[in-house]
Number of protein chains: 2
Amino acid sequence: MQLYQRQCTNYAADAVPLPDSESDRLILEVPGWQIELQGGVKQLVKQFSFPDYVQTMSFALSVGELAEAEDHHPEILMKWGKVRVTWWTHAVNGLHINDFICAAKTDQLAGQ
Amino acid sequence: MQLYQRQCTNYAADAVPLPDSESDRLILEVPGWQIELQGGVKQLVKQFSFPDYVQTMSFALSVGELAEAEDHHPEILMKWGKVRVTWWTHAVNGLHINDFICAAKTDQLAGQ
């Protein structure tokens with residue numbers, strides 16, 4: 001099953017971030033996404049571009065609706081023609097399979 | 001007339017940022033907004049908090065609609081329960097009266 005077809009899963013209270021070997025493998029399945037360190041926390045980041053503000057807002061809103069549907073909420077930075085989406089999992093202080101699933105679903109929303 | 005009642009104005013091609021004396025006066029009219037320097041450019045910044053994600057998204061969307069109506073587009077950073085709005089004017093590389101007008105309108109949208 002492709003990542004975008006999966007649902008976010010619950011995680012145990014003692015869940016830990018994905019090992020590097022696993023995130024290094026999964027990143028290959030979500031083209032254009034980068035793993036960035038913010039304050040020592042690994043995050044999945046991608047910027048999307050749009051030709052006008054209405055399409056910019058519409059995409060940001062659709063990512064917000066995905067977030068509610070999956071009960072997993074990214075950081076969304078929106079400016080004219082650009083939306084930067086950042087997924088990570090607070091509870092593990094880094095990356096979880098859910099972040100890769102949501103990155104793949106975000107690409108689907110963008111038609112990528 | 002209050003700031004929030006005004007419309008954004010067109011500016012000349014050679015427009016310059018507001019002088020400090022003027023931005024120091026106007027900031028008093030938009031409580032909770034801060035003037036921050038980003039890469040040497042003055043920007044107006046405020047963070048708004050919400051008790052759930054639906055209200056968070058709804059507010060971010062309403063700021064986006066304001067942006068389209070005024071043809072002046074801020075940076076909007078949205079995460080669960082928080083929306084940070086940043087207004088500045090690219091064309092003057094700093095703050096214009098339009099930024100204070102839009103900050104006051106943003107407060108109106110937030111019921112502040």
# chains A, B, ... in the order shown; residues from 1 in each chain; ligands from 1
>>> interface_residues(of="chain B", to="chain A", cutoff="10 Å", atoms="only C-alpha atoms", output="ChimeraX atom specification")
/B:53-54,56-58,60-61,64-65,67-68,71-86
>>> write_last_selection(atoms="C-alpha atoms", output="mmCIF file, in the first residue's frame")
data_model
loop_
_atom_site.group_PDB
_atom_site.id
_atom_site.type_symbol
_atom_site.label_atom_id
_atom_site.label_comp_id
_atom_site.auth_asym_id
_atom_site.auth_seq_id
_atom_site.Cartn_x
_atom_site.Cartn_y
_atom_site.Cartn_z
ATOM 1 C CA TYR B 53 -8.218 23.700 15.438
ATOM 2 C CA VAL B 54 -11.476 24.557 13.681
ATOM 3 C CA THR B 56 -7.693 28.285 14.378
ATOM 4 C CA MET B 57 -8.306 27.490 10.704
ATOM 5 C CA SER B 58 -11.369 29.698 10.498
ATOM 6 C CA ALA B 60 -6.483 32.034 9.365
ATOM 7 C CA LEU B 61 -8.951 31.789 6.483
ATOM 8 C CA GLY B 64 -6.611 35.385 4.029
ATOM 9 C CA GLU B 65 -9.939 36.780 2.829
ATOM 10 C CA ALA B 67 -5.754 39.995 2.430
ATOM 11 C CA GLU B 68 -7.540 39.412 -0.864
ATOM 12 C CA ASP B 71 -4.910 43.315 -2.035
ATOM 13 C CA HIS B 72 -2.279 43.231 0.710
ATOM 14 C CA HIS B 73 -0.990 39.832 1.751
ATOM 15 C CA PRO B 74 0.578 38.966 5.092
ATOM 16 C CA GLU B 75 2.530 35.950 6.200
ATOM 17 C CA ILE B 76 0.265 33.608 8.172
ATOM 18 C CA LEU B 77 1.792 30.874 10.323
ATOM 19 C CA MET B 78 -0.787 28.374 11.556
ATOM 20 C CA LYS B 79 -0.353 25.524 13.976
ATOM 21 C CA TRP B 80 -2.751 23.890 16.438
ATOM 22 C CA GLY B 81 -4.391 26.678 18.450
ATOM 23 C CA LYS B 82 -2.064 29.427 17.216
ATOM 24 C CA VAL B 83 -2.011 31.810 14.268
ATOM 25 C CA ARG B 84 0.868 34.253 13.897
ATOM 26 C CA VAL B 85 0.169 37.077 11.453
ATOM 27 C CA THR B 86 2.960 39.233 10.008
#
>>> select_by_dssp(residues="chain B", states="helix (DSSP H, G or I)", output="PyMOL selection string")
chain B and resi 3-5+20-29+53-70+90-92+97-109
>>> calpha_fit_and_write(fixed="chain B", moving="chain A", output="short mmCIF file (atom, residue, chain, number, x, y, z; two decimals) with N, CA and C atoms, in the first residue's frame")
data_model
loop_
_atom_site.label_atom_id
_atom_site.label_comp_id
_atom_site.auth_asym_id
_atom_site.auth_seq_id
_atom_site.Cartn_x
_atom_site.Cartn_y
_atom_site.Cartn_z
N MET A 1 -11.28 58.88 12.14
CA MET A 1 -11.65 57.52 11.75
C MET A 1 -10.64 56.52 12.35
N GLN A 2 -11.17 55.43 12.90
CA GLN A 2 -10.28 54.41 13.47
C GLN A 2 -9.51 53.69 12.35
N LEU A 3 -8.36 53.16 12.71
CA LEU A 3 -7.54 52.45 11.71
C LEU A 3 -8.33 51.34 11.02
N TYR A 4 -9.09 50.56 11.79
CA TYR A 4 -9.77 49.41 11.21
C TYR A 4 -10.86 49.81 10.23
N GLN A 5 -11.27 51.09 10.27
CA GLN A 5 -12.31 51.56 9.36
C GLN A 5 -11.74 52.06 8.04
N ARG A 6 -10.43 52.18 7.97
CA ARG A 6 -9.81 52.72 6.76
C ARG A 6 -9.55 51.62 5.73
N GLN A 7 -9.37 52.02 4.49
CA GLN A 7 -9.01 51.08 3.44
C GLN A 7 -7.53 51.26 3.12
N CYS A 8 -6.89 50.16 2.69
CA CYS A 8 -5.51 50.28 2.24
C CYS A 8 -5.47 51.25 1.06
N THR A 9 -4.40 52.02 1.02
CA THR A 9 -4.25 53.02 -0.03
C THR A 9 -3.18 52.58 -1.02
N ASN A 10 -3.29 53.06 -2.23
CA ASN A 10 -2.20 52.84 -3.19
C ASN A 10 -1.02 53.69 -2.78
N TYR A 11 0.17 53.22 -3.17
CA TYR A 11 1.34 54.04 -2.85
C TYR A 11 2.13 54.30 -4.12
N ALA A 12 2.85 55.40 -4.10
CA ALA A 12 3.65 55.78 -5.26
C ALA A 12 4.80 54.79 -5.43
N ALA A 13 5.31 54.72 -6.64
CA ALA A 13 6.40 53.80 -6.94
C ALA A 13 7.63 54.10 -6.09
N ASP A 14 7.75 55.37 -5.67
CA ASP A 14 8.93 55.75 -4.89
C ASP A 14 8.59 55.88 -3.40
N ALA A 15 7.53 55.20 -2.97
CA ALA A 15 7.13 55.27 -1.55
C ALA A 15 8.26 54.74 -0.67
N VAL A 16 8.32 55.29 0.52
CA VAL A 16 9.35 54.87 1.48
C VAL A 16 8.65 54.38 2.74
N PRO A 17 9.37 53.65 3.60
CA PRO A 17 8.73 53.20 4.85
C PRO A 17 8.33 54.39 5.72
N LEU A 18 7.39 54.14 6.61
CA LEU A 18 7.02 55.17 7.59
C LEU A 18 8.24 55.55 8.41
N PRO A 19 8.37 56.84 8.75
CA PRO A 19 9.45 57.21 9.67
C PRO A 19 9.18 56.58 11.04
N ASP A 20 10.25 56.35 11.81
CA ASP A 20 10.12 55.72 13.12
C ASP A 20 9.12 56.45 14.00
N SER A 21 9.13 57.79 13.91
CA SER A 21 8.23 58.56 14.78
C SER A 21 6.78 58.20 14.50
N GLU A 22 6.48 57.93 13.24
CA GLU A 22 5.11 57.60 12.85
C GLU A 22 4.77 56.15 13.24
N SER A 23 5.67 55.22 13.01
CA SER A 23 5.36 53.83 13.38
C SER A 23 5.32 53.68 14.90
N ASP A 24 6.15 54.46 15.60
CA ASP A 24 6.11 54.42 17.08
C ASP A 24 4.78 54.96 17.61
N ARG A 25 4.16 55.87 16.88
CA ARG A 25 2.88 56.41 17.28
C ARG A 25 1.75 55.43 16.94
N LEU A 26 1.83 54.87 15.73
CA LEU A 26 0.75 53.98 15.26
C LEU A 26 0.70 52.66 16.03
N ILE A 27 1.86 52.20 16.50
CA ILE A 27 1.88 50.90 17.19
C ILE A 27 1.02 50.96 18.46
N LEU A 28 0.86 52.17 19.01
CA LEU A 28 0.03 52.33 20.21
C LEU A 28 -1.45 52.11 19.91
N GLU A 29 -1.80 52.18 18.62
CA GLU A 29 -3.21 52.01 18.23
C GLU A 29 -3.56 50.55 17.94
N VAL A 30 -2.57 49.68 17.95
CA VAL A 30 -2.83 48.25 17.67
C VAL A 30 -2.23 47.41 18.80
N PRO A 31 -2.96 47.33 19.92
CA PRO A 31 -2.43 46.65 21.11
C PRO A 31 -2.07 45.19 20.84
N GLY A 32 -0.91 44.79 21.38
CA GLY A 32 -0.48 43.40 21.23
C GLY A 32 0.39 43.16 20.02
N TRP A 33 0.37 44.08 19.07
CA TRP A 33 1.25 43.95 17.91
C TRP A 33 2.64 44.44 18.29
N GLN A 34 3.64 43.74 17.74
CA GLN A 34 5.03 44.10 17.97
C GLN A 34 5.68 44.45 16.64
N ILE A 35 6.60 45.39 16.67
CA ILE A 35 7.43 45.65 15.50
C ILE A 35 8.69 44.80 15.63
N GLU A 36 8.90 43.90 14.68
CA GLU A 36 10.10 43.04 14.71
C GLU A 36 10.91 43.26 13.46
N LEU A 37 12.21 43.10 13.60
CA LEU A 37 13.11 43.20 12.45
C LEU A 37 13.39 41.81 11.90
N GLN A 38 13.12 41.60 10.62
CA GLN A 38 13.47 40.34 9.96
C GLN A 38 14.37 40.68 8.79
N GLY A 39 15.64 40.32 8.91
CA GLY A 39 16.58 40.63 7.84
C GLY A 39 16.67 42.13 7.59
N GLY A 40 16.56 42.89 8.66
CA GLY A 40 16.67 44.35 8.53
C GLY A 40 15.38 45.03 8.11
N VAL A 41 14.31 44.24 7.92
CA VAL A 41 13.03 44.80 7.47
C VAL A 41 12.06 44.82 8.66
N LYS A 42 11.48 45.98 8.92
CA LYS A 42 10.50 46.08 10.01
C LYS A 42 9.19 45.41 9.62
N GLN A 43 8.68 44.60 10.54
CA GLN A 43 7.41 43.91 10.30
C GLN A 43 6.53 44.03 11.53
N LEU A 44 5.22 43.96 11.31
CA LEU A 44 4.23 43.97 12.40
C LEU A 44 3.79 42.54 12.67
N VAL A 45 3.95 42.08 13.91
CA VAL A 45 3.71 40.68 14.23
C VAL A 45 2.80 40.55 15.44
N LYS A 46 1.85 39.62 15.37
CA LYS A 46 1.03 39.29 16.54
C LYS A 46 0.61 37.83 16.46
N GLN A 47 0.58 37.19 17.61
CA GLN A 47 0.10 35.80 17.65
C GLN A 47 -1.27 35.75 18.33
N PHE A 48 -2.16 35.00 17.73
CA PHE A 48 -3.53 34.81 18.24
C PHE A 48 -3.70 33.36 18.67
N SER A 49 -4.43 33.15 19.77
CA SER A 49 -4.63 31.79 20.31
C SER A 49 -6.10 31.39 20.22
N PHE A 50 -6.33 30.10 20.04
CA PHE A 50 -7.68 29.57 19.89
C PHE A 50 -7.79 28.24 20.63
N PRO A 51 -9.01 27.91 21.09
CA PRO A 51 -9.18 26.71 21.90
C PRO A 51 -9.28 25.42 21.10
N ASP A 52 -9.42 25.51 19.78
CA ASP A 52 -9.45 24.28 18.97
C ASP A 52 -8.97 24.59 17.55
N TYR A 53 -8.82 23.52 16.77
CA TYR A 53 -8.22 23.69 15.45
C TYR A 53 -9.20 24.30 14.45
N VAL A 54 -10.47 24.00 14.61
CA VAL A 54 -11.47 24.55 13.69
C VAL A 54 -11.49 26.08 13.79
N GLN A 55 -11.45 26.60 15.01
CA GLN A 55 -11.41 28.06 15.17
C GLN A 55 -10.08 28.63 14.69
N THR A 56 -9.02 27.86 14.87
CA THR A 56 -7.70 28.28 14.38
C THR A 56 -7.74 28.48 12.87
N MET A 57 -8.25 27.46 12.18
CA MET A 57 -8.31 27.50 10.71
C MET A 57 -9.26 28.58 10.23
N SER A 58 -10.37 28.71 10.91
CA SER A 58 -11.37 29.69 10.50
C SER A 58 -10.79 31.11 10.55
N PHE A 59 -10.02 31.39 11.61
CA PHE A 59 -9.40 32.71 11.73
C PHE A 59 -8.35 32.91 10.62
N ALA A 60 -7.52 31.91 10.40
CA ALA A 60 -6.48 32.03 9.36
C ALA A 60 -7.14 32.30 8.01
N LEU A 61 -8.23 31.61 7.74
CA LEU A 61 -8.94 31.80 6.48
C LEU A 61 -9.51 33.21 6.39
N SER A 62 -10.05 33.71 7.49
CA SER A 62 -10.64 35.06 7.46
C SER A 62 -9.56 36.11 7.23
N VAL A 63 -8.36 35.88 7.76
CA VAL A 63 -7.25 36.81 7.50
C VAL A 63 -6.86 36.74 6.01
N GLY A 64 -6.89 35.55 5.45
CA GLY A 64 -6.61 35.39 4.02
C GLY A 64 -7.63 36.12 3.17
N GLU A 65 -8.88 36.07 3.57
CA GLU A 65 -9.93 36.78 2.82
C GLU A 65 -9.77 38.29 2.94
N LEU A 66 -9.38 38.76 4.13
CA LEU A 66 -9.06 40.17 4.31
C LEU A 66 -7.92 40.57 3.36
N ALA A 67 -6.91 39.72 3.29
CA ALA A 67 -5.75 39.99 2.42
C ALA A 67 -6.19 40.18 0.97
N GLU A 68 -7.08 39.29 0.51
CA GLU A 68 -7.55 39.41 -0.87
C GLU A 68 -8.36 40.69 -1.05
N ALA A 69 -9.21 40.99 -0.06
CA ALA A 69 -10.07 42.17 -0.16
C ALA A 69 -9.25 43.46 -0.23
N GLU A 70 -8.14 43.48 0.54
CA GLU A 70 -7.30 44.69 0.60
C GLU A 70 -6.16 44.64 -0.42
N ASP A 71 -6.04 43.52 -1.12
CA ASP A 71 -4.90 43.30 -2.03
C ASP A 71 -3.56 43.57 -1.32
N HIS A 72 -3.49 43.07 -0.11
CA HIS A 72 -2.27 43.22 0.71
C HIS A 72 -2.16 41.91 1.48
N HIS A 73 -1.04 41.23 1.33
CA HIS A 73 -0.99 39.83 1.75
C HIS A 73 0.07 39.61 2.82
N PRO A 74 -0.36 39.18 3.99
CA PRO A 74 0.58 38.97 5.10
C PRO A 74 1.20 37.58 5.03
N GLU A 75 2.09 37.32 5.95
CA GLU A 75 2.53 35.95 6.20
C GLU A 75 1.68 35.42 7.34
N ILE A 76 1.12 34.23 7.17
CA ILE A 76 0.26 33.61 8.18
C ILE A 76 0.88 32.27 8.57
N LEU A 77 1.24 32.14 9.83
CA LEU A 77 1.79 30.87 10.32
C LEU A 77 0.73 30.23 11.22
N MET A 78 0.28 29.04 10.82
CA MET A 78 -0.79 28.37 11.56
C MET A 78 -0.32 27.04 12.11
N LYS A 79 -0.54 26.85 13.40
CA LYS A 79 -0.36 25.54 14.00
C LYS A 79 -1.52 25.31 14.94
N TRP A 80 -1.58 24.17 15.61
CA TRP A 80 -2.76 23.88 16.44
C TRP A 80 -2.94 24.99 17.49
N GLY A 81 -4.06 25.70 17.42
CA GLY A 81 -4.40 26.67 18.45
C GLY A 81 -3.69 28.01 18.35
N LYS A 82 -2.84 28.18 17.34
CA LYS A 82 -2.07 29.42 17.22
C LYS A 82 -2.03 29.90 15.77
N VAL A 83 -2.22 31.19 15.59
CA VAL A 83 -2.01 31.81 14.28
C VAL A 83 -1.15 33.05 14.49
N ARG A 84 0.01 33.07 13.85
CA ARG A 84 0.87 34.25 13.90
C ARG A 84 0.73 35.00 12.58
N VAL A 85 0.38 36.27 12.66
CA VAL A 85 0.18 37.07 11.46
C VAL A 85 1.28 38.13 11.39
N THR A 86 1.88 38.27 10.22
CA THR A 86 2.96 39.23 10.01
C THR A 86 2.62 40.11 8.81
N TRP A 87 2.50 41.39 9.07
CA TRP A 87 2.23 42.36 8.00
C TRP A 87 3.47 43.21 7.75
N TRP A 88 3.79 43.39 6.50
CA TRP A 88 4.78 44.38 6.09
C TRP A 88 4.58 44.64 4.61
N THR A 89 5.26 45.63 4.08
CA THR A 89 5.04 46.03 2.70
C THR A 89 6.33 45.86 1.90
N HIS A 90 6.31 44.84 1.05
CA HIS A 90 7.49 44.54 0.23
C HIS A 90 7.97 45.78 -0.52
N ALA A 91 6.99 46.52 -1.08
CA ALA A 91 7.35 47.62 -1.99
C ALA A 91 8.15 48.72 -1.30
N VAL A 92 7.98 48.86 0.01
CA VAL A 92 8.76 49.88 0.71
C VAL A 92 9.82 49.23 1.60
N ASN A 93 9.86 47.89 1.56
CA ASN A 93 10.85 47.15 2.35
C ASN A 93 10.73 47.50 3.84
N GLY A 94 9.49 47.59 4.31
CA GLY A 94 9.27 47.93 5.71
C GLY A 94 7.80 48.17 5.96
N LEU A 95 7.51 49.10 6.87
CA LEU A 95 6.13 49.34 7.27
C LEU A 95 5.52 50.55 6.58
N HIS A 96 4.27 50.36 6.17
CA HIS A 96 3.45 51.38 5.50
C HIS A 96 2.18 51.53 6.34
N ILE A 97 1.48 52.64 6.18
CA ILE A 97 0.22 52.79 6.91
C ILE A 97 -0.71 51.60 6.66
N ASN A 98 -0.65 51.03 5.44
CA ASN A 98 -1.50 49.86 5.12
C ASN A 98 -1.31 48.72 6.11
N ASP A 99 -0.08 48.55 6.60
CA ASP A 99 0.18 47.44 7.53
C ASP A 99 -0.53 47.66 8.86
N PHE A 100 -0.58 48.89 9.30
CA PHE A 100 -1.28 49.19 10.55
C PHE A 100 -2.80 49.08 10.36
N ILE A 101 -3.27 49.51 9.19
CA ILE A 101 -4.71 49.36 8.88
C ILE A 101 -5.08 47.87 8.90
N CYS A 102 -4.26 47.05 8.27
CA CYS A 102 -4.57 45.61 8.20
C CYS A 102 -4.40 44.93 9.56
N ALA A 103 -3.45 45.40 10.36
CA ALA A 103 -3.30 44.86 11.72
C ALA A 103 -4.57 45.14 12.52
N ALA A 104 -5.09 46.36 12.41
CA ALA A 104 -6.32 46.73 13.13
C ALA A 104 -7.50 45.89 12.63
N LYS A 105 -7.57 45.66 11.33
CA LYS A 105 -8.66 44.85 10.77
C LYS A 105 -8.51 43.39 11.21
N THR A 106 -7.27 42.93 11.36
CA THR A 106 -7.03 41.56 11.84
C THR A 106 -7.56 41.41 13.26
N ASP A 107 -7.31 42.41 14.09
CA ASP A 107 -7.84 42.40 15.46
C ASP A 107 -9.37 42.34 15.46
N GLN A 108 -9.98 43.08 14.55
CA GLN A 108 -11.44 43.04 14.44
C GLN A 108 -11.92 41.63 14.13
N LEU A 109 -11.22 40.96 13.22
CA LEU A 109 -11.61 39.58 12.86
C LEU A 109 -11.50 38.65 14.07
N ALA A 110 -10.52 38.95 14.93
CA ALA A 110 -10.30 38.11 16.12
C ALA A 110 -11.20 38.55 17.27
N GLY A 111 -12.01 39.58 17.02
CA GLY A 111 -12.88 40.08 18.09
C GLY A 111 -12.12 40.84 19.15
N GLN A 112 -10.97 41.40 18.76
CA GLN A 112 -10.14 42.13 19.73
C GLN A 112 -10.13 43.63 19.43
#
>>> select_by_dssp(residues="segment 27-90 of chain B", states="strand (DSSP E)", output="list in words")
Gln34, Ile35, Glu36, Leu37, Gln38, Val41, Lys42, Gln43, Leu44, Val45, Lys46, Gln47, Phe48, Ser49, Glu75, Ile76, Leu77, Met78, Lys79, Lys82, Val83, Arg84, Val85, Thr86 and Trp87 of chain B
>>> decode(residues="segment 33-44 of chain A", atoms="all heavy atoms", output="compact mmCIF listing (two decimals), in the first residue's frame")
# COMPACT_ATOMS: atom_id res chain seq x y z
N TRP A 33 10.27 16.53 -0.31
CA TRP A 33 10.28 16.78 1.13
C TRP A 33 11.71 16.68 1.64
O TRP A 33 12.49 15.87 1.18
CB TRP A 33 9.38 15.77 1.87
CG TRP A 33 7.92 16.01 1.60
CD1 TRP A 33 7.21 15.53 0.55
CD2 TRP A 33 7.02 16.80 2.38
NE1 TRP A 33 5.90 15.98 0.63
CE2 TRP A 33 5.75 16.76 1.74
CE3 TRP A 33 7.14 17.54 3.56
CZ2 TRP A 33 4.64 17.43 2.24
CZ3 TRP A 33 6.03 18.20 4.06
CH2 TRP A 33 4.80 18.15 3.40
N GLN A 34 12.01 17.56 2.60
CA GLN A 34 13.33 17.57 3.22
C GLN A 34 13.18 17.29 4.71
O GLN A 34 12.20 17.73 5.32
CB GLN A 34 13.98 18.96 3.08
CG GLN A 34 14.08 19.48 1.66
CD GLN A 34 15.20 18.82 0.87
OE1 GLN A 34 16.15 18.32 1.45
NE2 GLN A 34 15.06 18.80 -0.44
N ILE A 35 14.16 16.61 5.27
CA ILE A 35 14.22 16.48 6.73
C ILE A 35 15.08 17.62 7.26
O ILE A 35 16.23 17.77 6.85
CB ILE A 35 14.80 15.12 7.15
CG1 ILE A 35 13.86 13.99 6.69
CG2 ILE A 35 14.99 15.06 8.66
CD1 ILE A 35 14.39 12.58 6.95
N GLU A 36 14.48 18.47 8.09
CA GLU A 36 15.23 19.60 8.67
C GLU A 36 15.23 19.49 10.18
O GLU A 36 14.27 18.98 10.77
CB GLU A 36 14.59 20.93 8.24
CG GLU A 36 14.67 21.17 6.74
CD GLU A 36 14.17 22.56 6.34
OE1 GLU A 36 13.78 23.34 7.23
OE2 GLU A 36 14.17 22.84 5.12
N LEU A 37 16.29 19.98 10.78
CA LEU A 37 16.38 20.01 12.24
C LEU A 37 15.95 21.38 12.74
O LEU A 37 16.48 22.41 12.30
CB LEU A 37 17.82 19.77 12.68
CG LEU A 37 18.28 18.34 12.89
CD1 LEU A 37 19.74 18.32 13.33
CD2 LEU A 37 17.41 17.60 13.91
N GLN A 38 14.96 21.41 13.63
CA GLN A 38 14.55 22.66 14.26
C GLN A 38 14.70 22.47 15.76
O GLN A 38 13.94 21.71 16.36
CB GLN A 38 13.09 23.01 13.93
CG GLN A 38 12.86 23.40 12.49
CD GLN A 38 13.39 24.78 12.14
OE1 GLN A 38 13.66 25.59 13.02
NE2 GLN A 38 13.56 25.02 10.84
N GLY A 39 15.67 23.15 16.35
CA GLY A 39 15.89 22.99 17.79
C GLY A 39 16.20 21.55 18.16
O GLY A 39 15.77 21.09 19.22
N GLY A 40 16.89 20.87 17.27
CA GLY A 40 17.27 19.48 17.56
C GLY A 40 16.19 18.47 17.23
O GLY A 40 16.38 17.28 17.44
N VAL A 41 15.04 18.95 16.72
CA VAL A 41 13.92 18.06 16.41
C VAL A 41 13.82 17.90 14.90
O VAL A 41 13.76 18.87 14.16
CB VAL A 41 12.59 18.64 16.96
CG1 VAL A 41 11.42 17.75 16.56
CG2 VAL A 41 12.66 18.80 18.47
N LYS A 42 13.80 16.65 14.44
CA LYS A 42 13.66 16.39 13.00
C LYS A 42 12.25 16.69 12.54
O LYS A 42 11.27 16.25 13.16
CB LYS A 42 13.99 14.93 12.70
CG LYS A 42 15.46 14.63 12.57
CD LYS A 42 15.65 13.21 12.02
CE LYS A 42 17.11 12.90 11.76
NZ LYS A 42 17.29 11.53 11.27
N GLN A 43 12.16 17.41 11.43
CA GLN A 43 10.85 17.75 10.86
C GLN A 43 10.88 17.51 9.35
O GLN A 43 11.92 17.62 8.72
CB GLN A 43 10.52 19.22 11.15
CG GLN A 43 10.51 19.55 12.64
CD GLN A 43 10.16 20.99 12.93
OE1 GLN A 43 10.47 21.88 12.14
NE2 GLN A 43 9.52 21.23 14.06
N LEU A 44 9.70 17.24 8.79
CA LEU A 44 9.54 17.06 7.34
C LEU A 44 8.99 18.36 6.76
O LEU A 44 7.91 18.80 7.17
CB LEU A 44 8.52 15.96 7.07
CG LEU A 44 9.00 14.55 6.85
CD1 LEU A 44 7.80 13.67 6.50
CD2 LEU A 44 10.04 14.49 5.75
